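Participant: Sharing structure30.cif (mmCIF, C-alpha atoms and all ligand atoms) below.
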data_query
#
loop_
_atom_site.label_atom_id
_atom_site.label_comp_id
_atom_site.auth_asym_id
_atom_site.auth_seq_id
_atom_site.Cartn_x
_atom_site.Cartn_y
_atom_site.Cartn_z
CA MET A 1 0.00 0.00 0.00
CA ARG A 2 2.73 2.35 0.98
CA ALA A 3 4.59 1.61 -2.27
CA VAL A 4 1.48 2.35 -4.30
CA CYS A 5 0.93 5.60 -2.44
CA SER A 6 4.44 6.84 -2.99
CA LEU A 7 4.33 5.83 -6.63
CA LEU A 8 1.12 7.77 -7.05
CA LEU A 9 2.64 10.68 -5.24
CA VAL A 10 5.74 10.60 -7.37
CA SER A 11 3.79 10.44 -10.60
CA ALA A 12 1.46 13.24 -9.48
CA LEU A 13 4.43 15.36 -8.51
CA SER A 14 6.35 14.74 -11.69
CA ALA A 15 3.23 15.44 -13.76
CA SER A 16 2.74 18.79 -12.08
CA VAL A 17 6.40 19.65 -12.37
CA THR A 18 6.90 18.60 -15.96
CA ALA A 19 3.67 19.82 -17.50
CA TYR A 20 3.62 23.41 -16.29
CA PRO A 21 0.58 24.24 -18.41
CA ASN A 22 0.20 27.33 -16.27
CA GLY A 23 3.56 28.72 -17.24
CA ALA A 24 6.80 29.22 -15.40
CA PRO A 25 6.50 29.64 -11.64
CA ARG A 26 7.82 32.74 -9.88
CA ALA A 27 10.65 30.62 -8.55
CA ALA A 28 12.04 30.57 -12.11
CA CYS A 29 12.15 34.39 -12.45
CA ASP A 30 15.82 34.85 -11.66
CA SER A 31 17.46 31.78 -13.12
CA MET A 32 14.89 31.48 -15.97
CA HIS A 33 15.55 27.78 -15.54
CA PRO A 34 12.45 25.54 -15.52
CA VAL A 35 12.32 23.18 -12.58
CA HIS A 36 11.74 20.27 -14.97
CA GLY A 37 15.00 18.70 -13.98
CA HIS A 38 16.10 18.52 -17.61
CA LYS A 39 19.35 19.99 -18.74
CA PRO A 40 19.06 22.84 -21.24
CA GLN A 41 20.02 22.06 -24.83
CA PRO A 42 23.12 23.70 -26.27
CA GLY A 43 22.61 26.57 -28.72
CA THR A 44 19.48 28.52 -29.57
CA GLY A 45 17.47 25.72 -31.20
CA GLY A 46 16.61 28.20 -33.96
CA TYR A 47 14.69 30.39 -31.49
CA GLY A 48 15.08 34.15 -31.25
CA VAL A 49 13.91 37.33 -29.51
CA PHE A 50 13.43 40.45 -31.65
CA PRO A 51 12.60 43.98 -30.49
CA GLU A 52 11.14 46.63 -32.82
CA PRO A 53 10.18 50.19 -31.84
CA ASP A 54 6.50 51.10 -31.82
CA PHE A 55 5.82 54.83 -32.20
CA THR A 56 2.04 54.69 -32.31
CA GLY A 57 1.59 56.05 -28.78
CA THR A 58 2.79 59.14 -26.96
CA ARG A 59 5.79 57.32 -25.53
CA THR A 60 7.95 54.75 -27.25
CA LYS A 61 6.92 51.19 -26.71
CA TRP A 62 8.55 48.10 -28.15
CA THR A 63 7.11 45.11 -29.94
CA ILE A 64 8.99 42.02 -28.83
CA THR A 65 8.62 38.93 -31.00
CA LEU A 66 9.49 35.38 -30.04
CA ASN A 67 9.88 33.06 -33.01
CA GLY A 68 11.70 29.98 -34.16
CA THR A 69 12.32 27.56 -36.97
CA SER A 70 10.15 25.07 -35.04
CA ALA A 71 7.20 25.47 -32.68
CA PHE A 72 7.42 25.80 -28.92
CA HIS A 73 4.89 25.05 -26.17
CA GLY A 74 6.22 27.18 -23.38
CA PHE A 75 8.49 30.13 -22.65
CA LEU A 76 9.55 32.73 -20.13
CA LEU A 77 10.44 36.23 -21.34
CA GLU A 78 11.97 39.14 -19.43
CA ALA A 79 13.66 42.46 -20.12
CA ARG A 80 16.95 42.85 -18.29
CA SER A 81 19.15 45.82 -17.60
CA THR A 82 22.70 45.25 -18.79
CA ARG A 83 23.75 46.79 -15.49
CA GLY A 84 23.32 43.97 -13.01
CA GLY A 85 20.63 42.08 -14.91
CA LYS A 86 17.69 43.64 -13.06
CA ILE A 87 14.26 42.76 -14.52
CA VAL A 88 12.81 46.00 -15.90
CA GLY A 89 9.71 47.45 -17.58
CA ARG A 90 6.21 46.15 -18.09
CA TRP A 91 4.44 43.93 -20.58
CA SER A 92 1.06 44.45 -22.26
CA HIS A 93 -0.95 43.22 -25.26
CA LEU A 94 -0.44 39.62 -24.31
CA PRO A 95 -1.46 37.19 -27.09
CA PRO A 96 -3.66 34.12 -26.41
CA ARG A 97 -2.15 31.30 -24.33
CA THR A 98 0.18 33.68 -22.51
CA LYS A 99 0.01 35.53 -19.20
CA ALA A 100 1.94 38.03 -17.12
CA LEU A 101 4.14 36.92 -14.26
CA ASP A 102 5.08 39.05 -11.24
CA CYS A 103 8.77 38.71 -10.52
CA ASP A 104 10.35 40.13 -7.36
CA GLY A 105 6.92 41.42 -6.33
CA VAL A 106 6.60 43.72 -9.34
CA ASN A 107 3.35 43.59 -11.29
CA GLY A 108 3.62 42.08 -14.79
CA ASN A 109 7.37 42.43 -15.38
CA ALA A 110 7.67 39.03 -17.08
CA VAL A 111 5.54 36.92 -19.42
CA THR A 112 5.08 33.19 -19.72
CA HIS A 113 2.76 30.67 -21.41
CA HIS A 114 -0.69 29.59 -20.24
CA ASN A 115 -1.10 26.72 -22.61
CA HIS A 116 -3.15 23.84 -21.20
CA LYS A 117 -3.70 22.24 -24.59
CA ARG A 118 -0.04 22.56 -25.49
CA LYS A 119 -0.80 24.26 -28.74
CA ASP A 120 2.12 25.06 -30.96
CA MET A 121 3.42 28.62 -30.85
CA ASN A 122 5.59 29.87 -33.70
CA ASN A 123 5.62 33.63 -33.75
CA ILE A 124 4.16 35.60 -30.88
CA SER A 125 4.51 39.29 -30.05
CA PHE A 126 4.13 41.38 -26.93
CA THR A 127 4.30 45.06 -26.15
CA TRP A 128 6.96 46.14 -23.69
CA ALA A 129 7.58 49.60 -22.24
CA ALA A 130 10.35 50.74 -19.95
CA SER A 131 9.35 52.08 -16.54
CA SER A 132 12.03 54.72 -16.97
CA CYS A 133 14.34 55.80 -19.79
CA LYS A 134 17.13 55.11 -17.32
CA ASP A 135 16.33 51.39 -17.53
CA ALA A 136 18.58 51.35 -20.64
CA PRO A 137 20.68 49.67 -21.85
CA VAL A 138 18.26 46.78 -21.96
CA TYR A 139 18.13 43.40 -23.64
CA PHE A 140 15.43 40.75 -23.75
CA LYS A 141 16.05 37.26 -22.50
CA ALA A 142 13.94 34.14 -23.02
CA THR A 143 13.73 30.46 -22.22
CA PHE A 144 11.93 28.35 -24.83
CA VAL A 145 10.33 25.00 -24.00
CA LYS A 146 9.98 22.93 -27.14
CA HIS A 147 9.03 19.79 -25.21
CA TYR A 148 9.48 19.09 -21.52
CA THR A 149 12.83 17.57 -22.20
CA LYS A 150 13.94 20.09 -24.82
CA ILE A 151 14.63 23.43 -23.25
CA TYR A 152 16.64 26.30 -24.68
CA GLU A 153 17.81 28.84 -22.16
CA GLY A 154 19.41 32.24 -22.22
CA ILE A 155 18.27 33.26 -25.70
CA THR A 156 18.94 37.00 -25.81
CA SER A 157 18.05 39.84 -28.15
CA ASP A 158 20.31 42.61 -29.29
CA VAL A 159 20.92 45.35 -26.74
CA LEU A 160 18.84 48.54 -26.88
CA ASN A 161 20.96 51.48 -25.83
CA ASP A 162 17.96 53.78 -25.77
CA VAL A 163 14.51 52.56 -24.76
CA CYS A 164 12.88 55.98 -25.22
CA LEU A 165 13.68 56.51 -28.90
CA ARG A 166 11.74 59.21 -30.71
CA PRO A 167 10.58 58.86 -34.30
CA PRO A 168 13.12 60.38 -36.67
CA LYS A 169 12.36 63.89 -37.87
CA CYS A 170 12.57 63.65 -41.60
CA GLN A 171 11.10 66.26 -43.93
CA ASP A 172 9.97 63.49 -46.15
CA CYS A 173 7.79 62.06 -43.48
CA ASP A 174 6.13 65.28 -42.42
CA VAL A 175 3.09 65.23 -44.63
CA SER A 176 0.55 65.73 -41.89
CA LYS A 177 -0.81 68.74 -43.79
CA ALA A 178 -1.31 66.74 -46.94
CA GLY A 179 -4.26 65.14 -45.26
CA ARG A 180 -4.19 62.16 -47.52
CA ARG A 181 -4.31 58.87 -45.79
CA LYS A 182 -2.36 57.06 -48.46
CA VAL A 183 0.48 59.57 -48.59
CA LEU A 184 0.64 59.54 -44.82
CA GLY A 185 0.78 55.77 -44.81
CA GLN A 186 3.70 55.72 -47.22
CA ALA A 187 5.50 58.40 -45.25
CA ARG A 188 5.01 56.43 -42.05
CA ALA A 189 6.51 53.39 -43.71
CA ARG A 190 9.55 55.50 -44.71
CA CYS A 191 9.81 56.76 -41.14
CA ARG A 192 9.70 53.23 -39.88
CA ASP A 193 12.48 52.19 -42.24
CA ALA A 194 14.60 55.16 -41.19
CA MET A 195 13.94 54.32 -37.57
CA ARG A 196 14.80 50.70 -38.03
CA ALA A 197 18.16 51.66 -39.53
CA ASN A 198 18.66 53.96 -36.55
CA THR A 199 17.88 51.19 -34.08
CA LEU A 200 20.19 48.78 -35.82
CA SER A 201 23.10 51.17 -35.55
CA LEU A 202 22.27 51.78 -31.91
CA ARG A 203 22.28 48.05 -31.31
CA LYS A 204 25.66 47.75 -32.97
CA ASN A 205 27.00 50.47 -30.69
CA GLY A 206 25.54 48.63 -27.73
CA LYS A 207 27.43 45.48 -28.43
C1 LIG A 301 12.07 35.85 -36.51
O1 LIG A 301 11.83 37.24 -36.64
C2 LIG A 301 12.96 37.97 -37.11
C3 LIG A 301 12.63 39.45 -37.05
O2 LIG A 301 11.43 39.74 -37.64
C4 LIG A 301 13.32 37.50 -38.50
O3 LIG A 301 14.46 38.18 -38.96
C5 LIG A 301 13.59 36.01 -38.48
O4 LIG A 301 13.82 35.53 -39.78
C6 LIG A 301 12.42 35.27 -37.87
N1 LIG A 301 12.75 33.86 -37.73
C7 LIG A 301 11.93 32.91 -38.09
C8 LIG A 301 12.42 31.52 -37.87
O5 LIG A 301 10.81 33.13 -38.56
C1 LIG A 302 5.46 37.44 -36.74
O1 LIG A 302 4.82 38.43 -35.96
C2 LIG A 302 5.18 39.76 -36.31
C3 LIG A 302 4.56 40.70 -35.32
O2 LIG A 302 3.20 40.48 -35.15
C4 LIG A 302 4.72 40.04 -37.74
O3 LIG A 302 5.13 41.33 -38.12
C5 LIG A 302 5.38 39.02 -38.67
O4 LIG A 302 4.88 39.19 -39.97
C6 LIG A 302 5.08 37.58 -38.20
N1 LIG A 302 5.87 36.67 -39.00
C7 LIG A 302 5.38 35.54 -39.46
C8 LIG A 302 6.36 34.69 -40.21
O5 LIG A 302 4.21 35.20 -39.30
#
Take the structure I supplied and represent it as C-alpha cells, if you would.
Facilitator:
Amino acid sequence: MRAVCSLLLVSALSASVTAYPNGAPRAACDSMHPVHGHKPQPGTGGYGVFPEPDFTGTRTKWTITLNGTSAFHGFLLEARSTRGGKIVGRWSHLPPRTKALDCDGVNGNAVTHHNHKRKDMNNISFTWAASSCKDAPVYFKATFVKHYTKIYEGITSDVLNDVCLRPPKCQDCDVSKAGRRKVLGQARARCRDAMRANTLSLRKNGK
C-alpha cells in the first residue's frame, strides 16, 4: 500500500512539475531555468527574440517577437538591464495562451505561457515599455520550451541602448498637412524604415 501511495505521489508530482501548463512559476524568475529537472540544450534551437520600436503612442513602446524555426509550447520572457541584470519594464498586449508573471513582487514584469492544450506557438509578439528611460541599456532574454525535455535557455536579443527613442524627424515624413491617408501611410513606412536603420546602428554600438 505504501509503495502504491508513494508511486502515485511521485507520478502526481512529476506530472505537475513537468507539464507546467500554467507557465513558469515565480521561482524561475531569476534563473529562468524551468524546474523540470532537464538539462538545457546547447545553442538557440533556432529560437530568437526580436525587439522593434512602436511609435504609435505618446511614448515609445517596443514590440517584442518570439519566433523559431520550429514550434514551442512554453516560454519565459523578461527584459533585463545590462547593469546587473535587473528585470525592468512592463508587458502588455499579451497574445492568447500567454500571461503576465510578477517577478520580485513587481506587477507584470515578465511573461510566460498559459497553454493547457499545449498548442504550438511559432511567432508571438508582446508590447513592452520601460518604466524609466534610465532602464537602458536593456536586452530581452527568453527560455523556450519545445518539449518538456527540450529546453533552450538564455536566448537573448540585441541590446537597446535607448529605450525611449523618438521617431526620426525627416522632412519626407512630415506630410501631416497633406491630409491624404495614403500619402501619410507611405510616409510612415519610410519613417519606420529610417527608424529601423537607426535602431540597428544603436544596437551595434551597444554590443
Ligand atoms: C524571426 O523574426 C525575425 C525578425 O522579424 C526574422 O528576422 C527572423 O527571420 C524570424 N525567424 C523565423 C524563424 O521566422
Ligand atoms: C510574426 O509576428 C510579427 C509581429 O506580429 C509580424 O510582423 C510578422 O509578420 C510575423 N511573422 C510571421 C512569419 O508570421
Participant: Wanna dump the stretch 21-54 of chain A-stretch 100-121 of chain A contacts at 7 Å for me, each residue with its shortest atom pair and the distance in Å to one decimal, counting all atoms listed in the file, ordered by chain and number, as CSV?
Facilitator:
residue,atom,partner,partner_atom,distance
A:Pro21,CA,A:His116,CA,4.7
A:Asn22,CA,A:His114,CA,4.7
A:Gly23,CA,A:His113,CA,4.7
A:Ala24,CA,A:Thr112,CA,6.1
A:Arg26,CA,A:Cys103,CA,6.1
A:Cys29,CA,A:Cys103,CA,5.8
Participant: All residues within 10 Å of ligand LIG 302 (chain A) are required, counting all atoms listed in the file; please report them as a VMD selection string.
Facilitator: chain A and resid 50 to 52 63 to 69 95 122 to 126
Participant: Work out how far atom CA of A:His147 is from atom CA of A:Val159, in Å to one decimal.
Facilitator: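 Result for atom CA of A:Val159 versus atom CA of A:His147: 28.2 Å, one decimal.
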Participant: Measuring atom to atom with only C-alpha atoms and all ligand atoms, identify which of A:Pro42, A:His73, A:Asp158, A:Ala79 is nearest to ligand LIG 301 (chain A).
Facilitator: A:Asp158
Participant: Expressed in Å to a single decimal, how great is the separation between atom CA of A:Gly74 and atom CA of A:Tyr152?
Facilitator: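 That distance, rounded to one decimal, is 10.5 Å.
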Participant: So that I can see what lies close to A:Phe140, please list as a list in words the residues with an atom at most 6 Å from it, counting only C-alpha atoms and leaving out residues fewer than 5 positions away in the same chain.
Facilitator: Glu78, Ala79, Thr156 and Ser157 of chain A
Participant: Work out how far atom CA of A:Ala142 is from atom CA of A:Phe75, in Å to one decimal.
Facilitator: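 Atom CA of A:Ala142 lies at a distance of 6.8 Å from atom CA of A:Phe75.
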Participant: Calculated over all atoms listed in the file, which of the candidates A:Ser70, A:Thr44, A:Arg83, A:Ala28 has the smallest distance to ligand LIG 301 (chain A)?
Facilitator: A:Ser70
Participant: May I have the residues within 7 Å of A:Trp128 as a ChimeraX atom specification, using only C-alpha atoms and disregarding those fewer than 5 positions away in the same chain?
Facilitator: /A:61-64,89-92
Participant: Could the residues in this selection be written to a file with C-alpha atoms, as a short mmCIF file (atom, residue, chain, number, x, y, z; two decimals), in the frame of the given file?
Facilitator:
data_model
loop_
_atom_site.label_atom_id
_atom_site.label_comp_id
_atom_site.auth_asym_id
_atom_site.auth_seq_id
_atom_site.Cartn_x
_atom_site.Cartn_y
_atom_site.Cartn_z
CA LYS A 61 6.92 51.19 -26.71
CA TRP A 62 8.55 48.10 -28.15
CA THR A 63 7.11 45.11 -29.94
CA ILE A 64 8.99 42.02 -28.83
CA GLY A 89 9.71 47.45 -17.58
CA ARG A 90 6.21 46.15 -18.09
CA TRP A 91 4.44 43.93 -20.58
CA SER A 92 1.06 44.45 -22.26
#
Participant: I'd like the neighbourhood of A:Ser31 as a PyMOL selection string, where a residue qualifies if any of its atoms comes within 12 Å (using only C-alpha atoms), though same-chain residues fewer than 4 positions away should be ignored.
Facilitator: chain A and resi 24-27+35+76-78+85-87+103+141-143+153-154
Participant: Between A:Val49, A:Leu165, A:Asp193, A:Thr58, which one has atoms that come closest to ligand LIG 301 (chain A), using all atoms listed in the file?
Facilitator: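 Of A:Val49, A:Leu165, A:Asp193, A:Thr58, the one nearest ligand LIG 301 (chain A), counting all atoms listed in the file, is A:Val49.
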Participant: Ranking A:Met32, A:Ala130, A:Leu160, A:Ala71 by minimum distance to ligand LIG 301 (chain A) and counting all atoms listed in the file, which one comes first?
Facilitator: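 When distances to ligand LIG 301 (chain A) are compared using all atoms listed in the file, the smallest one comes from A:Ala71.
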Participant: Write stretch 68-79 of chain A as a PDB file, keeping the file's coordinate frame, completed to N, CA and C atoms.
Facilitator:
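So rebuild28.pdb came out as:
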ATOM      1  N   GLY A  68      10.738  31.074 -34.027  1.00  0.00           N
ATOM      2  CA  GLY A  68      11.700  29.980 -34.160  1.00  0.00           C
ATOM      3  C   GLY A  68      11.476  29.210 -35.438  1.00  0.00           C
ATOM      4  N   THR A  69      12.439  28.391 -35.773  1.00  0.00           N
ATOM      5  CA  THR A  69      12.320  27.560 -36.970  1.00  0.00           C
ATOM      6  C   THR A  69      11.428  26.339 -36.668  1.00  0.00           C
ATOM      7  N   SER A  70      11.142  26.092 -35.385  1.00  0.00           N
ATOM      8  CA  SER A  70      10.150  25.070 -35.040  1.00  0.00           C
ATOM      9  C   SER A  70       9.305  25.604 -33.888  1.00  0.00           C
ATOM     10  N   ALA A  71       8.150  24.970 -33.675  1.00  0.00           N
ATOM     11  CA  ALA A  71       7.200  25.470 -32.680  1.00  0.00           C
ATOM     12  C   ALA A  71       7.705  25.247 -31.259  1.00  0.00           C
ATOM     13  N   PHE A  72       7.138  26.012 -30.345  1.00  0.00           N
ATOM     14  CA  PHE A  72       7.420  25.800 -28.920  1.00  0.00           C
ATOM     15  C   PHE A  72       6.095  25.775 -28.169  1.00  0.00           C
ATOM     16  N   HIS A  73       6.104  25.175 -26.983  1.00  0.00           N
ATOM     17  CA  HIS A  73       4.890  25.050 -26.170  1.00  0.00           C
ATOM     18  C   HIS A  73       4.912  25.961 -24.961  1.00  0.00           C
ATOM     19  N   GLY A  74       6.106  26.362 -24.566  1.00  0.00           N
ATOM     20  CA  GLY A  74       6.220  27.180 -23.380  1.00  0.00           C
ATOM     21  C   GLY A  74       7.389  28.126 -23.484  1.00  0.00           C
ATOM     22  N   PHE A  75       7.391  29.153 -22.622  1.00  0.00           N
ATOM     23  CA  PHE A  75       8.490  30.130 -22.650  1.00  0.00           C
ATOM     24  C   PHE A  75       8.437  30.980 -21.389  1.00  0.00           C
ATOM     25  N   LEU A  76       9.510  31.682 -21.161  1.00  0.00           N
ATOM     26  CA  LEU A  76       9.550  32.730 -20.130  1.00  0.00           C
ATOM     27  C   LEU A  76      10.346  33.865 -20.754  1.00  0.00           C
ATOM     28  N   LEU A  77       9.814  35.079 -20.688  1.00  0.00           N
ATOM     29  CA  LEU A  77      10.440  36.230 -21.340  1.00  0.00           C
ATOM     30  C   LEU A  77      10.546  37.399 -20.365  1.00  0.00           C
ATOM     31  N   GLU A  78      11.735  38.004 -20.324  1.00  0.00           N
ATOM     32  CA  GLU A  78      11.970  39.140 -19.430  1.00  0.00           C
ATOM     33  C   GLU A  78      12.844  40.168 -20.120  1.00  0.00           C
ATOM     34  N   ALA A  79      12.718  41.417 -19.701  1.00  0.00           N
ATOM     35  CA  ALA A  79      13.660  42.460 -20.120  1.00  0.00           C
ATOM     36  C   ALA A  79      14.640  42.664 -18.977  1.00  0.00           C
TER      37      ALA A  79
END
